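Structure first, then comments.
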Amino acid sequence: MTLKRLMQSMRLLLIRSGGARAEYLRKNKIFASIGKNCSIQKRKIPLYANLIRLGNNVHIAANVSFLTHDISHVVLNHLDSVKKAGGVQERVGCIEIGDNVFVGSGTHILYDTKIGSNVIIGTCSVVTHDIPDNSVVAGVPARRIGSFDDYVKRFMDTERYPDRIAPRKQVVPDELASMLWAKFDQSHKQ
C-alpha cells in the first residue's frame, strides 16, 4: 500500500458518515467518478480506485470489496513454462455502477463488470458478470432473482411502523424493538 493510499484510508476512518466518505472520495478524485447522493460505508481505499465509477444515488454497505485486479500472475510467473514464455502481466479492469443502486454488505465485485441502473445486490453476493438495469440479484455468483420495480412495490407494501418510533442515530427505540419482537415471535411460532 502506498503512503498516499494509507493516509487516505486513515482519513476515511475518521469520517463518520457514509455520505461524507463518498463526498471525500469525490472531492479528492480518488475514484474515477462518484455521482450525487452516494454513501460508502467501506473505510479502506480499494486498489486501483481510479478504475471505479459510481453513478448517482449509489449506496455501498459495509465490507464491500471492489476487486479491480487479479494477482494470480504472481503464481503463474513462478512456473517454468510461463517464465520461458516471458511471464504474464497482472490482470486489471474497470468497475462501473449505474444510478439508483444498493450493494449489500459483504459483496465482492470483480473487475470488468458493469452494474446497470435501478439495481439491488443482496448481501454477500459475488458479482462476476454484468448486471442489467432493473434487477435484483443475489448469490455466489450473483444471479437475477427479481426486478427492481417489483422490489420497490413489495417494499412500499410493507407494514410501516410509526415515524415517531423510527430508528435514529443507529438506535432502535424500546417501543419499536418490542413491536418488532412481538411480530417476529408471532411469525415464528411452531
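Just remember, in the C-alpha cells the first chain shown is A, the second B, etc., residues are 1-based per chain, and ligands are 1-based in the order shown.
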Residues near range 87-98 of chain A, anyone? I mean within 9 Å using only C-alpha atoms, not counting same-chain ones fewer than 4 positions away, as a PDB file with C-alpha atoms, in the first residue's frame.
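So out07.pdb came out as:
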ATOM      1  CA  TYR A  48      -6.749   0.994  -8.391  1.00  0.00           C
ATOM      2  CA  ASN A  50      -9.340   5.196 -10.349  1.00  0.00           C
ATOM      3  CA  LEU A  51     -10.853   2.217 -12.217  1.00  0.00           C
ATOM      4  CA  ILE A  52     -14.182   2.554 -10.347  1.00  0.00           C
ATOM      5  CA  ARG A  53     -17.118   4.736 -11.412  1.00  0.00           C
ATOM      6  CA  LEU A  54     -20.280   5.233  -9.368  1.00  0.00           C
ATOM      7  CA  GLY A  55     -23.459   6.866 -10.674  1.00  0.00           C
ATOM      8  CA  ASN A  56     -25.970   8.947  -8.695  1.00  0.00           C
ATOM      9  CA  ASN A  57     -27.770   7.601  -5.632  1.00  0.00           C
ATOM     10  CA  VAL A  58     -25.420   4.632  -5.115  1.00  0.00           C
ATOM     11  CA  PHE A  66     -14.076  -3.731  -5.316  1.00  0.00           C
ATOM     12  CA  LEU A  67     -11.648  -6.162  -6.949  1.00  0.00           C
ATOM     13  CA  THR A  68     -10.088  -4.175  -9.787  1.00  0.00           C
ATOM     14  CA  HIS A  69      -7.233  -6.641 -10.181  1.00  0.00           C
ATOM     15  CA  ASP A  70      -6.212 -10.294 -10.062  1.00  0.00           C
ATOM     16  CA  ILE A  71      -2.851 -11.278  -8.648  1.00  0.00           C
ATOM     17  CA  SER A  72      -2.786 -14.834  -9.991  1.00  0.00           C
ATOM     18  CA  HIS A  73       0.074 -13.666 -12.211  1.00  0.00           C
ATOM     19  CA  VAL A  74       2.309 -13.921  -9.141  1.00  0.00           C
ATOM     20  CA  LEU A  76       1.890 -18.125 -12.782  1.00  0.00           C
ATOM     21  CA  ASN A  77       5.162 -16.212 -13.118  1.00  0.00           C
ATOM     22  CA  HIS A  78       6.849 -18.805 -10.886  1.00  0.00           C
ATOM     23  CA  LEU A  79       6.057 -21.628 -13.331  1.00  0.00           C
ATOM     24  CA  SER A  81       6.805 -22.695 -18.696  1.00  0.00           C
ATOM     25  CA  VAL A  82       5.467 -19.182 -18.049  1.00  0.00           C
ATOM     26  CA  LYS A  83       8.946 -17.804 -17.220  1.00  0.00           C
ATOM     27  CA  ILE A 109     -17.490  -7.024  -7.244  1.00  0.00           C
ATOM     28  CA  LEU A 110     -14.966  -8.334  -9.773  1.00  0.00           C
ATOM     29  CA  TYR A 111     -13.230  -6.266 -12.441  1.00  0.00           C
ATOM     30  CA  ASP A 112     -14.665  -5.770 -15.906  1.00  0.00           C
ATOM     31  CA  THR A 113     -18.226  -5.700 -14.584  1.00  0.00           C
ATOM     32  CA  LYS A 114     -20.897  -3.132 -15.271  1.00  0.00           C
ATOM     33  CA  ILE A 115     -23.832  -2.883 -12.900  1.00  0.00           C
ATOM     34  CA  GLY A 116     -26.798  -1.172 -14.506  1.00  0.00           C
ATOM     35  CA  SER A 117     -29.186   1.392 -13.024  1.00  0.00           C
ATOM     36  CA  ASN A 118     -32.010   0.543 -10.609  1.00  0.00           C
ATOM     37  CA  VAL A 119     -30.271  -2.487  -9.114  1.00  0.00           C
ATOM     38  CA  ASP A 133     -30.877  -2.402 -15.412  1.00  0.00           C
TER      39      ASP A 133
END
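Those residues in range 45-177 of chain A carrying a DSSP assignment of alpha helix (DSSP H), computed from the backbone, are A:Ser72, A:His73, A:Val74, A:Val75, A:Leu76, A:Asp80, A:Ser81, A:Val82, A:Lys83, A:Lys84, A:Phe148, A:Asp149, A:Asp150, A:Tyr151, A:Val152, A:Lys153, A:Arg154, A:Phe155, A:Met156, A:Asp157, A:Asp174, A:Glu175, A:Leu176, A:Ala177.
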Output file for the residues above (N, CA and C atoms, as a tab-separated table (two decimals), in the first residue's frame):
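Heads up, here's the output in selection14.tsv:
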chain	number	residue	atom	x	y	z
A	72	SER	N	-3.20	-13.47	-9.66
A	72	SER	CA	-2.79	-14.83	-9.99
A	72	SER	C	-1.51	-14.85	-10.83
A	73	HIS	N	-1.17	-13.73	-11.44
A	73	HIS	CA	0.07	-13.67	-12.21
A	73	HIS	C	1.29	-13.95	-11.34
A	74	VAL	N	1.19	-13.66	-10.05
A	74	VAL	CA	2.31	-13.92	-9.14
A	74	VAL	C	2.60	-15.42	-9.10
A	75	VAL	N	1.56	-16.23	-9.02
A	75	VAL	CA	1.72	-17.69	-9.02
A	75	VAL	C	2.22	-18.15	-10.38
A	76	LEU	N	1.55	-17.67	-11.43
A	76	LEU	CA	1.89	-18.12	-12.78
A	76	LEU	C	3.32	-17.79	-13.17
A	80	ASP	N	7.92	-22.57	-14.56
A	80	ASP	CA	8.99	-22.56	-15.56
A	80	ASP	C	8.48	-22.27	-16.96
A	81	SER	N	7.34	-22.89	-17.34
A	81	SER	CA	6.80	-22.70	-18.70
A	81	SER	C	6.41	-21.24	-18.93
A	82	VAL	N	5.88	-20.58	-17.92
A	82	VAL	CA	5.47	-19.18	-18.05
A	82	VAL	C	6.70	-18.28	-18.08
A	83	LYS	N	7.70	-18.59	-17.23
A	83	LYS	CA	8.95	-17.80	-17.22
A	83	LYS	C	9.59	-17.83	-18.60
A	84	LYS	N	9.67	-19.04	-19.21
A	84	LYS	CA	10.30	-19.18	-20.52
A	84	LYS	C	9.56	-18.39	-21.59
A	148	PHE	N	-36.25	-4.74	-10.07
A	148	PHE	CA	-36.20	-3.59	-9.18
A	148	PHE	C	-37.60	-3.04	-8.94
A	149	ASP	N	-38.39	-2.98	-10.00
A	149	ASP	CA	-39.75	-2.45	-9.89
A	149	ASP	C	-40.59	-3.29	-8.91
A	150	ASP	N	-40.48	-4.62	-8.99
A	150	ASP	CA	-41.21	-5.49	-8.06
A	150	ASP	C	-40.71	-5.30	-6.63
A	151	TYR	N	-39.40	-5.11	-6.49
A	151	TYR	CA	-38.81	-4.88	-5.16
A	151	TYR	C	-39.38	-3.60	-4.54
A	152	VAL	N	-39.43	-2.54	-5.34
A	152	VAL	CA	-39.97	-1.27	-4.84
A	152	VAL	C	-41.42	-1.45	-4.42
A	153	LYS	N	-42.20	-2.15	-5.23
A	153	LYS	CA	-43.62	-2.37	-4.91
A	153	LYS	C	-43.75	-3.15	-3.59
A	154	ARG	N	-43.00	-4.24	-3.44
A	154	ARG	CA	-43.06	-5.03	-2.19
A	154	ARG	C	-42.63	-4.18	-1.00
A	155	PHE	N	-41.61	-3.37	-1.19
A	155	PHE	CA	-41.12	-2.52	-0.11
A	155	PHE	C	-42.18	-1.52	0.30
A	156	MET	N	-42.85	-0.94	-0.69
A	156	MET	CA	-43.90	0.05	-0.41
A	156	MET	C	-45.11	-0.60	0.27
A	157	ASP	N	-45.35	-1.88	-0.01
A	157	ASP	CA	-46.48	-2.59	0.58
A	157	ASP	C	-46.18	-3.11	1.99
A	174	ASP	N	-36.95	1.37	22.35
A	174	ASP	CA	-37.53	0.21	23.03
A	174	ASP	C	-38.92	-0.11	22.50
A	175	GLU	N	-39.74	0.91	22.24
A	175	GLU	CA	-41.10	0.66	21.76
A	175	GLU	C	-41.08	-0.05	20.41
A	176	LEU	N	-40.19	0.36	19.51
A	176	LEU	CA	-40.09	-0.29	18.21
A	176	LEU	C	-39.52	-1.70	18.37
A	177	ALA	N	-38.52	-1.85	19.21
A	177	ALA	CA	-37.94	-3.18	19.45
A	177	ALA	C	-39.01	-4.15	19.96
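Closest approach to Ala61 in chain A among A:Val101, A:Ala142, A:Val172, A:Leu25: A:Val101, based on only C-alpha atoms.
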Write out as a PyMOL selection string all residues of range 16-166 of chain A that DSSP puts in strand (DSSP E or B) for this structure's backbone.
-> chain A and resi 33-34+39-40+52-54+58-60+65-67+69-70+91-92+95-97+101-103+108-110+113-115+119-121+126-127+131+135-138+143-146
Now that the selection is made, can you save its residues with C-alpha atoms as a PDB file, in the first residue's frame?
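Output file out_36.pdb follows:
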ATOM      1  CA  SER A  33     -16.094   9.367 -10.653  1.00  0.00           C
ATOM      2  CA  ILE A  34     -18.796   9.398  -7.987  1.00  0.00           C
ATOM      3  CA  SER A  39     -22.810   6.764   0.525  1.00  0.00           C
ATOM      4  CA  ILE A  40     -19.943   4.371   1.137  1.00  0.00           C
ATOM      5  CA  ILE A  52     -14.182   2.554 -10.347  1.00  0.00           C
ATOM      6  CA  ARG A  53     -17.118   4.736 -11.412  1.00  0.00           C
ATOM      7  CA  LEU A  54     -20.280   5.233  -9.368  1.00  0.00           C
ATOM      8  CA  VAL A  58     -25.420   4.632  -5.115  1.00  0.00           C
ATOM      9  CA  HIS A  59     -25.195   3.217  -1.614  1.00  0.00           C
ATOM     10  CA  ILE A  60     -22.421   0.792  -0.715  1.00  0.00           C
ATOM     11  CA  SER A  65     -14.871  -5.337  -1.986  1.00  0.00           C
ATOM     12  CA  PHE A  66     -14.076  -3.731  -5.316  1.00  0.00           C
ATOM     13  CA  LEU A  67     -11.648  -6.162  -6.949  1.00  0.00           C
ATOM     14  CA  HIS A  69      -7.233  -6.641 -10.181  1.00  0.00           C
ATOM     15  CA  ASP A  70      -6.212 -10.294 -10.062  1.00  0.00           C
ATOM     16  CA  ARG A  91      -4.896  -8.517 -14.880  1.00  0.00           C
ATOM     17  CA  VAL A  92      -6.706  -5.262 -14.105  1.00  0.00           C
ATOM     18  CA  ILE A  95     -16.000  -1.491 -12.422  1.00  0.00           C
ATOM     19  CA  GLU A  96     -18.943   0.747 -13.256  1.00  0.00           C
ATOM     20  CA  ILE A  97     -22.131   1.116 -11.214  1.00  0.00           C
ATOM     21  CA  VAL A 101     -28.031   1.075  -6.817  1.00  0.00           C
ATOM     22  CA  PHE A 102     -27.709  -0.567  -3.404  1.00  0.00           C
ATOM     23  CA  VAL A 103     -24.847  -3.015  -2.831  1.00  0.00           C
ATOM     24  CA  HIS A 108     -17.456  -8.757  -3.852  1.00  0.00           C
ATOM     25  CA  ILE A 109     -17.490  -7.024  -7.244  1.00  0.00           C
ATOM     26  CA  LEU A 110     -14.966  -8.334  -9.773  1.00  0.00           C
ATOM     27  CA  THR A 113     -18.226  -5.700 -14.584  1.00  0.00           C
ATOM     28  CA  LYS A 114     -20.897  -3.132 -15.271  1.00  0.00           C
ATOM     29  CA  ILE A 115     -23.832  -2.883 -12.900  1.00  0.00           C
ATOM     30  CA  VAL A 119     -30.271  -2.487  -9.114  1.00  0.00           C
ATOM     31  CA  ILE A 120     -30.279  -4.121  -5.680  1.00  0.00           C
ATOM     32  CA  ILE A 121     -27.432  -6.538  -4.889  1.00  0.00           C
ATOM     33  CA  VAL A 126     -20.223 -12.182  -5.751  1.00  0.00           C
ATOM     34  CA  VAL A 127     -20.663 -10.115  -8.912  1.00  0.00           C
ATOM     35  CA  ILE A 131     -25.964  -6.887 -14.216  1.00  0.00           C
ATOM     36  CA  SER A 135     -32.557  -6.122 -11.496  1.00  0.00           C
ATOM     37  CA  VAL A 136     -32.393  -7.592  -8.028  1.00  0.00           C
ATOM     38  CA  VAL A 137     -29.529 -10.083  -7.782  1.00  0.00           C
ATOM     39  CA  ALA A 138     -28.062 -12.265  -5.052  1.00  0.00           C
ATOM     40  CA  ARG A 143     -27.950 -14.179 -10.292  1.00  0.00           C
ATOM     41  CA  ARG A 144     -31.130 -12.255 -11.067  1.00  0.00           C
ATOM     42  CA  ILE A 145     -33.874 -13.094  -8.572  1.00  0.00           C
ATOM     43  CA  GLY A 146     -36.344 -10.353  -9.445  1.00  0.00           C
TER      44      GLY A 146
END
Would you list the contacts of Arg43 in chain A as number ranges by chain, taking every protein, DNA or RNA residue within 9 Å and counting only C-alpha atoms, but skipping same-chain residues closer than 2 positions in sequence?
-> A: 9-15, 18, 21, 40-41, 45, 62-63
